[in-house]
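Scroll down for the structure; my scribbles are underneath it.
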Amino acid sequence: MVRRLLDLVERATAEVATLIGSEVDGVRFTSGSTESIRLAVGHAVAKRRNRPLRVAATRVEHQAVLDALRLAVRAGLAQVVWIEVDPEANLRPESLQAALDGDVDLVLRHGGQHEVGTIYPVEQIARDAHRSGAKILVDGTQAAAASS
């Protein structure tokens with residue numbers, strides 16, 4: 001029975017890795033998005049040893065993201081550069097560019113804002129972030145709800 005369950009998890013891991021274009025070792029299952037976000041933010045913070053992690057995010061991120069950022073800031077482990085959005089929660093491009101020009105390490109982004117239905121151009125944001133030397137963390141948890 002245990003071997004069968006392990007085989008199912010291995011198969012699911014391989015399917016998810018294929019779906020997102022990742023190596024199998026890059027896939028982790030957690031209890032939910034809050035745990036995943038805390039794990040990812042914690043990992044990014046831990047990689048910065050000589051100064052606080054500089055994070056670019058919007059104030060319309062999921063509460064789990066905002067909570068993880070607040071904890072890291074309170075501990076002196078992160079600084080947040082806020083990206084402004086319009087009334088429909090669309091990123092203001094000049095605000096994103098200013099954040100990227102400000103030497104951020106990590107851009108936190110929703111895949112989709114489920115409350116107002118905004119879908120974000122994640123591929124373009126990732127290209128811009130990588131071009132400036134930043135990593136990107138996409139919270140895709142609500143993207144399906146935003147697109148429906």
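Scheme for the structure tokens: letters A, B, ... for chains in order shown; per-chain residue numbers from 1; ligand numbers from 1 in order shown.
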Enumerate the residues of region 2-86 of chain A with a DSSP assignment of strand (DSSP E), computed from the backbone, and present them as a list in words. Leu53, Arg54, Val55, Ala56, Ala57, Thr58, Ala78, Gln79, Val80, Val81, Trp82 and Ile83 of chain A
Could you give me, as a ChimeraX atom specification, the residues within 12 Å of Gly140 (chain A), counting only C-alpha atoms and dropping anything in the same chain fewer than 3 positions from it? /A:20,32-34,36-37,61-62,65,108-114,119-120,122,137,143-147
So which residues touch Arg127 (chain A) within 12 Å, counting only C-alpha atoms, skipping near sequence neighbours fewer than 5 positions away, as number ranges by chain? A: 97, 100, 107, 121-122, 132-136
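Here CA of Ala68 (chain A) is placed at a distance of 17.0 Å from CA of Val104 (chain A).
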For region 79-85 of chain A, find every residue with an atom within 10 Å (counting only C-alpha atoms), except residues of its own chain fewer than 2 positions away, and show them as a PDB file with all heavy atoms, in the first residue's frame.
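Writing done, so here's out.pdb:
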ATOM      1  N   ARG A  51      22.521  41.558   3.354  1.00  0.00           N
ATOM      2  CA  ARG A  51      21.585  42.678   3.491  1.00  0.00           C
ATOM      3  C   ARG A  51      20.159  42.145   3.387  1.00  0.00           C
ATOM      4  O   ARG A  51      19.944  41.034   2.911  1.00  0.00           O
ATOM      5  CB  ARG A  51      21.832  43.750   2.433  1.00  0.00           C
ATOM      6  CG  ARG A  51      21.557  43.313   1.009  1.00  0.00           C
ATOM      7  CD  ARG A  51      21.677  44.509   0.051  1.00  0.00           C
ATOM      8  NE  ARG A  51      21.612  44.107  -1.329  1.00  0.00           N
ATOM      9  CZ  ARG A  51      20.497  43.830  -1.998  1.00  0.00           C
ATOM     10  NH1 ARG A  51      19.325  43.895  -1.401  1.00  0.00           N
ATOM     11  NH2 ARG A  51      20.536  43.493  -3.259  1.00  0.00           N
ATOM     12  N   PRO A  52      19.185  42.960   3.811  1.00  0.00           N
ATOM     13  CA  PRO A  52      17.786  42.502   3.686  1.00  0.00           C
ATOM     14  C   PRO A  52      17.388  42.289   2.226  1.00  0.00           C
ATOM     15  O   PRO A  52      17.885  42.967   1.322  1.00  0.00           O
ATOM     16  CB  PRO A  52      16.990  43.661   4.298  1.00  0.00           C
ATOM     17  CG  PRO A  52      17.950  44.386   5.174  1.00  0.00           C
ATOM     18  CD  PRO A  52      19.291  44.236   4.501  1.00  0.00           C
ATOM     19  N   LEU A  53      16.512  41.350   2.025  1.00  0.00           N
ATOM     20  CA  LEU A  53      15.944  41.082   0.698  1.00  0.00           C
ATOM     21  C   LEU A  53      15.105  42.280   0.277  1.00  0.00           C
ATOM     22  O   LEU A  53      14.274  42.760   1.049  1.00  0.00           O
ATOM     23  CB  LEU A  53      15.062  39.832   0.775  1.00  0.00           C
ATOM     24  CG  LEU A  53      14.381  39.384  -0.506  1.00  0.00           C
ATOM     25  CD1 LEU A  53      15.416  38.766  -1.447  1.00  0.00           C
ATOM     26  CD2 LEU A  53      13.290  38.366  -0.195  1.00  0.00           C
ATOM     27  N   ARG A  54      15.330  42.770  -0.933  1.00  0.00           N
ATOM     28  CA  ARG A  54      14.516  43.880  -1.460  1.00  0.00           C
ATOM     29  C   ARG A  54      13.450  43.277  -2.362  1.00  0.00           C
ATOM     30  O   ARG A  54      13.749  42.664  -3.377  1.00  0.00           O
ATOM     31  CB  ARG A  54      15.393  44.874  -2.222  1.00  0.00           C
ATOM     32  CG  ARG A  54      16.273  45.658  -1.254  1.00  0.00           C
ATOM     33  CD  ARG A  54      17.043  46.783  -1.879  1.00  0.00           C
ATOM     34  NE  ARG A  54      16.344  47.581  -2.866  1.00  0.00           N
ATOM     35  CZ  ARG A  54      15.523  48.602  -2.602  1.00  0.00           C
ATOM     36  NH1 ARG A  54      15.285  48.946  -1.370  1.00  0.00           N
ATOM     37  NH2 ARG A  54      14.957  49.274  -3.574  1.00  0.00           N
ATOM     38  N   VAL A  55      12.187  43.457  -1.957  1.00  0.00           N
ATOM     39  CA  VAL A  55      11.042  42.836  -2.613  1.00  0.00           C
ATOM     40  C   VAL A  55      10.149  43.909  -3.240  1.00  0.00           C
ATOM     41  O   VAL A  55       9.846  44.914  -2.591  1.00  0.00           O
ATOM     42  CB  VAL A  55      10.209  42.023  -1.598  1.00  0.00           C
ATOM     43  CG1 VAL A  55       9.016  41.369  -2.270  1.00  0.00           C
ATOM     44  CG2 VAL A  55      11.076  40.991  -0.899  1.00  0.00           C
ATOM     45  N   ALA A  56       9.718  43.672  -4.459  1.00  0.00           N
ATOM     46  CA  ALA A  56       8.727  44.536  -5.106  1.00  0.00           C
ATOM     47  C   ALA A  56       7.398  43.777  -5.116  1.00  0.00           C
ATOM     48  O   ALA A  56       7.342  42.623  -5.532  1.00  0.00           O
ATOM     49  CB  ALA A  56       9.152  44.875  -6.530  1.00  0.00           C
ATOM     50  N   ALA A  57       6.361  44.442  -4.631  1.00  0.00           N
ATOM     51  CA  ALA A  57       5.039  43.811  -4.562  1.00  0.00           C
ATOM     52  C   ALA A  57       3.974  44.898  -4.607  1.00  0.00           C
ATOM     53  O   ALA A  57       4.276  46.078  -4.457  1.00  0.00           O
ATOM     54  CB  ALA A  57       4.902  42.998  -3.274  1.00  0.00           C
ATOM     55  N   THR A  58       2.735  44.483  -4.794  1.00  0.00           N
ATOM     56  CA  THR A  58       1.616  45.425  -4.748  1.00  0.00           C
ATOM     57  C   THR A  58       0.858  45.225  -3.439  1.00  0.00           C
ATOM     58  O   THR A  58       0.984  44.183  -2.787  1.00  0.00           O
ATOM     59  CB  THR A  58       0.632  45.215  -5.914  1.00  0.00           C
ATOM     60  OG1 THR A  58      -0.070  43.982  -5.712  1.00  0.00           O
ATOM     61  CG2 THR A  58       1.342  45.216  -7.258  1.00  0.00           C
ATOM     62  N   ARG A  59       0.053  46.182  -3.100  1.00  0.00           N
ATOM     63  CA  ARG A  59      -0.765  46.069  -1.888  1.00  0.00           C
ATOM     64  C   ARG A  59      -2.017  45.220  -2.136  1.00  0.00           C
ATOM     65  O   ARG A  59      -2.798  45.003  -1.213  1.00  0.00           O
ATOM     66  CB  ARG A  59      -1.143  47.455  -1.381  1.00  0.00           C
ATOM     67  CG  ARG A  59       0.080  48.239  -0.933  1.00  0.00           C
ATOM     68  CD  ARG A  59      -0.303  49.607  -0.385  1.00  0.00           C
ATOM     69  NE  ARG A  59       0.834  50.483  -0.283  1.00  0.00           N
ATOM     70  CZ  ARG A  59       1.695  50.513   0.732  1.00  0.00           C
ATOM     71  NH1 ARG A  59       1.541  49.686   1.728  1.00  0.00           N
ATOM     72  NH2 ARG A  59       2.705  51.362   0.730  1.00  0.00           N
ATOM     73  N   VAL A  60      -2.208  44.732  -3.371  1.00  0.00           N
ATOM     74  CA  VAL A  60      -3.365  43.890  -3.671  1.00  0.00           C
ATOM     75  C   VAL A  60      -2.976  42.420  -3.780  1.00  0.00           C
ATOM     76  O   VAL A  60      -3.732  41.610  -4.293  1.00  0.00           O
ATOM     77  CB  VAL A  60      -4.109  44.360  -4.955  1.00  0.00           C
ATOM     78  CG1 VAL A  60      -4.687  45.745  -4.765  1.00  0.00           C
ATOM     79  CG2 VAL A  60      -3.217  44.279  -6.185  1.00  0.00           C
ATOM     80  N   LEU A  69       5.448  38.966   3.954  1.00  0.00           N
ATOM     81  CA  LEU A  69       6.296  40.155   3.822  1.00  0.00           C
ATOM     82  C   LEU A  69       6.368  40.932   5.133  1.00  0.00           C
ATOM     83  O   LEU A  69       7.446  41.373   5.545  1.00  0.00           O
ATOM     84  CB  LEU A  69       5.774  41.065   2.710  1.00  0.00           C
ATOM     85  CG  LEU A  69       5.975  40.575   1.292  1.00  0.00           C
ATOM     86  CD1 LEU A  69       5.341  41.528   0.296  1.00  0.00           C
ATOM     87  CD2 LEU A  69       7.455  40.392   0.990  1.00  0.00           C
ATOM     88  N   ARG A  70       5.228  41.111   5.773  1.00  0.00           N
ATOM     89  CA  ARG A  70       5.197  41.853   7.032  1.00  0.00           C
ATOM     90  C   ARG A  70       6.099  41.195   8.076  1.00  0.00           C
ATOM     91  O   ARG A  70       6.855  41.878   8.785  1.00  0.00           O
ATOM     92  CB  ARG A  70       3.763  41.974   7.553  1.00  0.00           C
ATOM     93  CG  ARG A  70       3.658  42.894   8.768  1.00  0.00           C
ATOM     94  CD  ARG A  70       2.235  43.112   9.262  1.00  0.00           C
ATOM     95  NE  ARG A  70       1.581  41.867   9.649  1.00  0.00           N
ATOM     96  CZ  ARG A  70       0.597  41.272   8.975  1.00  0.00           C
ATOM     97  NH1 ARG A  70       0.123  41.822   7.864  1.00  0.00           N
ATOM     98  NH2 ARG A  70       0.067  40.153   9.386  1.00  0.00           N
ATOM     99  N   ALA A  72       8.739  39.265   7.518  1.00  0.00           N
ATOM    100  CA  ALA A  72      10.142  39.434   7.117  1.00  0.00           C
ATOM    101  C   ALA A  72      10.621  40.860   7.369  1.00  0.00           C
ATOM    102  O   ALA A  72      11.750  41.073   7.820  1.00  0.00           O
ATOM    103  CB  ALA A  72      10.312  39.056   5.651  1.00  0.00           C
ATOM    104  N   VAL A  73       9.765  41.840   7.110  1.00  0.00           N
ATOM    105  CA  VAL A  73      10.128  43.245   7.350  1.00  0.00           C
ATOM    106  C   VAL A  73      10.315  43.485   8.848  1.00  0.00           C
ATOM    107  O   VAL A  73      11.299  44.105   9.272  1.00  0.00           O
ATOM    108  CB  VAL A  73       9.072  44.202   6.750  1.00  0.00           C
ATOM    109  CG1 VAL A  73       9.272  45.622   7.234  1.00  0.00           C
ATOM    110  CG2 VAL A  73       9.123  44.140   5.222  1.00  0.00           C
ATOM    111  N   ARG A  74       9.392  42.999   9.652  1.00  0.00           N
ATOM    112  CA  ARG A  74       9.492  43.179  11.115  1.00  0.00           C
ATOM    113  C   ARG A  74      10.774  42.571  11.676  1.00  0.00           C
ATOM    114  O   ARG A  74      11.348  43.083  12.632  1.00  0.00           O
ATOM    115  CB  ARG A  74       8.291  42.550  11.818  1.00  0.00           C
ATOM    116  CG  ARG A  74       7.077  43.406  11.796  1.00  0.00           C
ATOM    117  CD  ARG A  74       6.011  42.808  12.677  1.00  0.00           C
ATOM    118  NE  ARG A  74       4.768  43.532  12.521  1.00  0.00           N
ATOM    119  CZ  ARG A  74       3.593  43.058  12.847  1.00  0.00           C
ATOM    120  NH1 ARG A  74       3.472  41.847  13.346  1.00  0.00           N
ATOM    121  NH2 ARG A  74       2.517  43.782  12.670  1.00  0.00           N
ATOM    122  N   GLY A  76      13.497  42.487  10.130  1.00  0.00           N
ATOM    123  CA  GLY A  76      14.642  43.165   9.528  1.00  0.00           C
ATOM    124  C   GLY A  76      15.278  42.384   8.401  1.00  0.00           C
ATOM    125  O   GLY A  76      16.409  42.671   8.000  1.00  0.00           O
ATOM    126  N   LEU A  77      14.558  41.410   7.861  1.00  0.00           N
ATOM    127  CA  LEU A  77      15.101  40.536   6.828  1.00  0.00           C
ATOM    128  C   LEU A  77      14.688  40.937   5.417  1.00  0.00           C
ATOM    129  O   LEU A  77      15.183  40.369   4.445  1.00  0.00           O
ATOM    130  CB  LEU A  77      14.668  39.088   7.086  1.00  0.00           C
ATOM    131  CG  LEU A  77      15.121  38.516   8.429  1.00  0.00           C
ATOM    132  CD1 LEU A  77      14.474  37.167   8.675  1.00  0.00           C
ATOM    133  CD2 LEU A  77      16.634  38.437   8.485  1.00  0.00           C
ATOM    134  N   PRO A  87      -7.296  51.376 -10.412  1.00  0.00           N
ATOM    135  CA  PRO A  87      -8.511  50.910  -9.710  1.00  0.00           C
ATOM    136  C   PRO A  87      -8.953  49.482 -10.069  1.00  0.00           C
ATOM    137  O   PRO A  87      -9.672  48.848  -9.290  1.00  0.00           O
ATOM    138  CB  PRO A  87      -9.568  51.932 -10.120  1.00  0.00           C
ATOM    139  CG  PRO A  87      -8.795  53.178 -10.396  1.00  0.00           C
ATOM    140  CD  PRO A  87      -7.515  52.695 -11.035  1.00  0.00           C
ATOM    141  N   GLU A  88      -8.518  48.963 -11.220  1.00  0.00           N
ATOM    142  CA  GLU A  88      -8.855  47.584 -11.588  1.00  0.00           C
ATOM    143  C   GLU A  88      -7.743  46.620 -11.201  1.00  0.00           C
ATOM    144  O   GLU A  88      -7.729  45.469 -11.634  1.00  0.00           O
ATOM    145  CB  GLU A  88      -9.123  47.473 -13.096  1.00  0.00           C
ATOM    146  CG  GLU A  88     -10.439  48.076 -13.531  1.00  0.00           C
ATOM    147  CD  GLU A  88     -10.348  49.601 -13.654  1.00  0.00           C
ATOM    148  OE1 GLU A  88      -9.319  50.106 -14.143  1.00  0.00           O
ATOM    149  OE2 GLU A  88     -11.297  50.282 -13.234  1.00  0.00           O
ATOM    150  N   ALA A  89      -6.787  47.095 -10.407  1.00  0.00           N
ATOM    151  CA  ALA A  89      -5.654  46.310  -9.906  1.00  0.00           C
ATOM    152  C   ALA A  89      -4.613  45.989 -10.976  1.00  0.00           C
ATOM    153  O   ALA A  89      -3.777  45.122 -10.776  1.00  0.00           O
ATOM    154  CB  ALA A  89      -6.121  45.041  -9.199  1.00  0.00           C
ATOM    155  N   ASN A  90      -4.656  46.693 -12.109  1.00  0.00           N
ATOM    156  CA  ASN A  90      -3.601  46.537 -13.119  1.00  0.00           C
ATOM    157  C   ASN A  90      -2.342  47.233 -12.625  1.00  0.00           C
ATOM    158  O   ASN A  90      -2.412  48.319 -12.044  1.00  0.00           O
ATOM    159  CB  ASN A  90      -4.024  47.158 -14.455  1.00  0.00           C
ATOM    160  CG  ASN A  90      -5.146  46.397 -15.096  1.00  0.00           C
ATOM    161  OD1 ASN A  90      -5.002  45.224 -15.404  1.00  0.00           O
ATOM    162  ND2 ASN A  90      -6.279  47.055 -15.266  1.00  0.00           N
ATOM    163  N   LEU A  91      -1.191  46.615 -12.880  1.00  0.00           N
ATOM    164  CA  LEU A  91       0.071  47.238 -12.498  1.00  0.00           C
ATOM    165  C   LEU A  91       0.269  48.532 -13.264  1.00  0.00           C
ATOM    166  O   LEU A  91      -0.015  48.606 -14.456  1.00  0.00           O
ATOM    167  CB  LEU A  91       1.244  46.314 -12.838  1.00  0.00           C
ATOM    168  CG  LEU A  91       1.317  44.975 -12.135  1.00  0.00           C
ATOM    169  CD1 LEU A  91       2.508  44.199 -12.658  1.00  0.00           C
ATOM    170  CD2 LEU A  91       1.411  45.156 -10.644  1.00  0.00           C
ATOM    171  N   ARG A  92       0.774  49.527 -12.594  1.00  0.00           N
ATOM    172  CA  ARG A  92       1.181  50.756 -13.275  1.00  0.00           C
ATOM    173  C   ARG A  92       2.602  50.494 -13.780  1.00  0.00           C
ATOM    174  O   ARG A  92       3.529  50.331 -12.974  1.00  0.00           O
ATOM    175  CB  ARG A  92       1.122  51.933 -12.323  1.00  0.00           C
ATOM    176  CG  ARG A  92      -0.305  52.252 -11.884  1.00  0.00           C
ATOM    177  CD  ARG A  92      -0.397  53.672 -11.360  1.00  0.00           C
ATOM    178  NE  ARG A  92      -1.714  53.974 -10.854  1.00  0.00           N
ATOM    179  CZ  ARG A  92      -2.733  54.396 -11.606  1.00  0.00           C
ATOM    180  NH1 ARG A  92      -2.576  54.567 -12.897  1.00  0.00           N
ATOM    181  NH2 ARG A  92      -3.894  54.658 -11.059  1.00  0.00           N
ATOM    182  N   PRO A  93       2.772  50.412 -15.117  1.00  0.00           N
ATOM    183  CA  PRO A  93       4.079  50.030 -15.676  1.00  0.00           C
ATOM    184  C   PRO A  93       5.235  50.887 -15.183  1.00  0.00           C
ATOM    185  O   PRO A  93       6.324  50.379 -14.915  1.00  0.00           O
ATOM    186  CB  PRO A  93       3.880  50.192 -17.186  1.00  0.00           C
ATOM    187  CG  PRO A  93       2.417  50.123 -17.401  1.00  0.00           C
ATOM    188  CD  PRO A  93       1.781  50.659 -16.153  1.00  0.00           C
ATOM    189  N   GLU A  94       4.994  52.198 -15.037  1.00  0.00           N
ATOM    190  CA  GLU A  94       6.083  53.073 -14.579  1.00  0.00           C
ATOM    191  C   GLU A  94       6.478  52.756 -13.134  1.00  0.00           C
ATOM    192  O   GLU A  94       7.655  52.871 -12.755  1.00  0.00           O
ATOM    193  CB  GLU A  94       5.702  54.556 -14.731  1.00  0.00           C
ATOM    194  CG  GLU A  94       4.569  55.027 -13.847  1.00  0.00           C
ATOM    195  CD  GLU A  94       3.149  54.676 -14.308  1.00  0.00           C
ATOM    196  OE1 GLU A  94       2.976  54.033 -15.371  1.00  0.00           O
ATOM    197  OE2 GLU A  94       2.202  55.041 -13.592  1.00  0.00           O
ATOM    198  N   SER A  95       5.545  52.305 -12.329  1.00  0.00           N
ATOM    199  CA  SER A  95       5.836  51.945 -10.951  1.00  0.00           C
ATOM    200  C   SER A  95       6.631  50.641 -10.892  1.00  0.00           C
ATOM    201  O   SER A  95       7.583  50.515 -10.103  1.00  0.00           O
ATOM    202  CB  SER A  95       4.532  51.828 -10.159  1.00  0.00           C
ATOM    203  OG  SER A  95       4.793  51.585  -8.801  1.00  0.00           O
ATOM    204  N   LEU A  96       6.250  49.680 -11.724  1.00  0.00           N
ATOM    205  CA  LEU A  96       7.013  48.430 -11.802  1.00  0.00           C
ATOM    206  C   LEU A  96       8.428  48.720 -12.271  1.00  0.00           C
ATOM    207  O   LEU A  96       9.400  48.221 -11.697  1.00  0.00           O
ATOM    208  CB  LEU A  96       6.333  47.432 -12.740  1.00  0.00           C
ATOM    209  CG  LEU A  96       7.126  46.149 -13.033  1.00  0.00           C
ATOM    210  CD1 LEU A  96       7.407  45.368 -11.754  1.00  0.00           C
ATOM    211  CD2 LEU A  96       6.393  45.297 -14.046  1.00  0.00           C
ATOM    212  N   GLN A  97       8.566  49.538 -13.306  1.00  0.00           N
ATOM    213  CA  GLN A  97       9.899  49.843 -13.832  1.00  0.00           C
ATOM    214  C   GLN A  97      10.746  50.564 -12.788  1.00  0.00           C
ATOM    215  O   GLN A  97      11.930  50.279 -12.642  1.00  0.00           O
ATOM    216  CB  GLN A  97       9.811  50.674 -15.114  1.00  0.00           C
ATOM    217  CG  GLN A  97      11.135  50.780 -15.838  1.00  0.00           C
ATOM    218  CD  GLN A  97      11.723  49.414 -16.181  1.00  0.00           C
ATOM    219  OE1 GLN A  97      11.080  48.584 -16.807  1.00  0.00           O
ATOM    220  NE2 GLN A  97      12.946  49.160 -15.752  1.00  0.00           N
ATOM    221  N   ALA A  98      10.148  51.471 -12.045  1.00  0.00           N
ATOM    222  CA  ALA A  98      10.886  52.177 -10.991  1.00  0.00           C
ATOM    223  C   ALA A  98      11.376  51.192  -9.926  1.00  0.00           C
ATOM    224  O   ALA A  98      12.498  51.313  -9.434  1.00  0.00           O
ATOM    225  CB  ALA A  98      10.015  53.260 -10.358  1.00  0.00           C
ATOM    226  N   ALA A  99      10.540  50.224  -9.587  1.00  0.00           N
ATOM    227  CA  ALA A  99      10.948  49.209  -8.613  1.00  0.00           C
ATOM    228  C   ALA A  99      12.110  48.392  -9.157  1.00  0.00           C
ATOM    229  O   ALA A  99      13.089  48.138  -8.446  1.00  0.00           O
ATOM    230  CB  ALA A  99       9.768  48.302  -8.271  1.00  0.00           C
ATOM    231  N   LEU A 100      12.019  47.993 -10.431  1.00  0.00           N
ATOM    232  CA  LEU A 100      13.091  47.207 -11.036  1.00  0.00           C
ATOM    233  C   LEU A 100      14.381  48.014 -11.144  1.00  0.00           C
ATOM    234  O   LEU A 100      15.473  47.482 -10.945  1.00  0.00           O
ATOM    235  CB  LEU A 100      12.666  46.685 -12.412  1.00  0.00           C
ATOM    236  CG  LEU A 100      11.537  45.660 -12.393  1.00  0.00           C
ATOM    237  CD1 LEU A 100      11.096  45.335 -13.812  1.00  0.00           C
ATOM    238  CD2 LEU A 100      11.955  44.404 -11.641  1.00  0.00           C
ATOM    239  N   GLY A 102      15.256  50.124  -9.083  1.00  0.00           N
ATOM    240  CA  GLY A 102      15.704  50.320  -7.708  1.00  0.00           C
ATOM    241  C   GLY A 102      16.433  49.130  -7.131  1.00  0.00           C
ATOM    242  O   GLY A 102      16.555  49.019  -5.915  1.00  0.00           O
ATOM    243  N   ASP A 103      16.880  48.222  -7.975  1.00  0.00           N
ATOM    244  CA  ASP A 103      17.711  47.108  -7.526  1.00  0.00           C
ATOM    245  C   ASP A 103      16.981  46.141  -6.601  1.00  0.00           C
ATOM    246  O   ASP A 103      17.488  45.778  -5.542  1.00  0.00           O
ATOM    247  CB  ASP A 103      18.982  47.648  -6.860  1.00  0.00           C
ATOM    248  CG  ASP A 103      20.062  46.582  -6.725  1.00  0.00           C
ATOM    249  OD1 ASP A 103      20.117  45.677  -7.569  1.00  0.00           O
ATOM    250  OD2 ASP A 103      20.834  46.652  -5.749  1.00  0.00           O
ATOM    251  N   VAL A 104      15.777  45.728  -6.979  1.00  0.00           N
ATOM    252  CA  VAL A 104      15.070  44.732  -6.172  1.00  0.00           C
ATOM    253  C   VAL A 104      15.617  43.335  -6.478  1.00  0.00           C
ATOM    254  O   VAL A 104      16.126  43.080  -7.564  1.00  0.00           O
ATOM    255  CB  VAL A 104      13.529  44.767  -6.394  1.00  0.00           C
ATOM    256  CG1 VAL A 104      12.949  46.076  -5.933  1.00  0.00           C
ATOM    257  CG2 VAL A 104      13.153  44.451  -7.807  1.00  0.00           C
ATOM    258  N   LEU A 106      13.620  40.494  -5.695  1.00  0.00           N
ATOM    259  CA  LEU A 106      12.494  39.596  -5.928  1.00  0.00           C
ATOM    260  C   LEU A 106      11.239  40.400  -6.234  1.00  0.00           C
ATOM    261  O   LEU A 106      10.946  41.380  -5.545  1.00  0.00           O
ATOM    262  CB  LEU A 106      12.245  38.740  -4.667  1.00  0.00           C
ATOM    263  CG  LEU A 106      11.109  37.736  -4.704  1.00  0.00           C
ATOM    264  CD1 LEU A 106      11.398  36.634  -5.715  1.00  0.00           C
ATOM    265  CD2 LEU A 106      10.887  37.137  -3.312  1.00  0.00           C
ATOM    266  N   VAL A 107      10.529  39.980  -7.273  1.00  0.00           N
ATOM    267  CA  VAL A 107       9.232  40.564  -7.604  1.00  0.00           C
ATOM    268  C   VAL A 107       8.178  39.527  -7.229  1.00  0.00           C
ATOM    269  O   VAL A 107       8.229  38.390  -7.689  1.00  0.00           O
ATOM    270  CB  VAL A 107       9.130  40.912  -9.109  1.00  0.00           C
ATOM    271  CG1 VAL A 107       7.735  41.429  -9.450  1.00  0.00           C
ATOM    272  CG2 VAL A 107      10.203  41.911  -9.513  1.00  0.00           C
ATOM    273  N   LEU A 108       7.254  39.920  -6.365  1.00  0.00           N
ATOM    274  CA  LEU A 108       6.136  39.053  -5.992  1.00  0.00           C
ATOM    275  C   LEU A 108       4.924  39.458  -6.808  1.00  0.00           C
ATOM    276  O   LEU A 108       4.580  40.629  -6.885  1.00  0.00           O
ATOM    277  CB  LEU A 108       5.811  39.210  -4.499  1.00  0.00           C
ATOM    278  CG  LEU A 108       6.790  38.569  -3.546  1.00  0.00           C
ATOM    279  CD1 LEU A 108       6.429  38.896  -2.111  1.00  0.00           C
ATOM    280  CD2 LEU A 108       6.840  37.078  -3.733  1.00  0.00           C
TER     281      LEU A 108
END
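Between CA of Leu39 (chain A) and CA of Thr141 (chain A) the interatomic distance comes to 14.7 Å.
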Expected answer as a PyMOL selection string: alpha helix (DSSP H) residues in chain A: chain A and resi 2-20+33-47+63-74+93-101+122-131+143-147
Residues near Val24 (chain A), cut-off 10 Å, only C-alpha atoms, skip fewer than 3 positions along chain, as JSON, numbers by chain: {"A": [10, 11, 12, 13, 14, 15, 16, 17, 18, 21, 27, 28]}
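Picture a line from CA of Arg38 (chain A) to CA of Leu66 (chain A); it runs 10.2 Å.
Compared by their closest atoms to Asp139 (chain A), and using only C-alpha atoms, the residues A:Asp105, A:Asp86, A:Glu35, A:Asp7 rank with A:Glu35 nearest.
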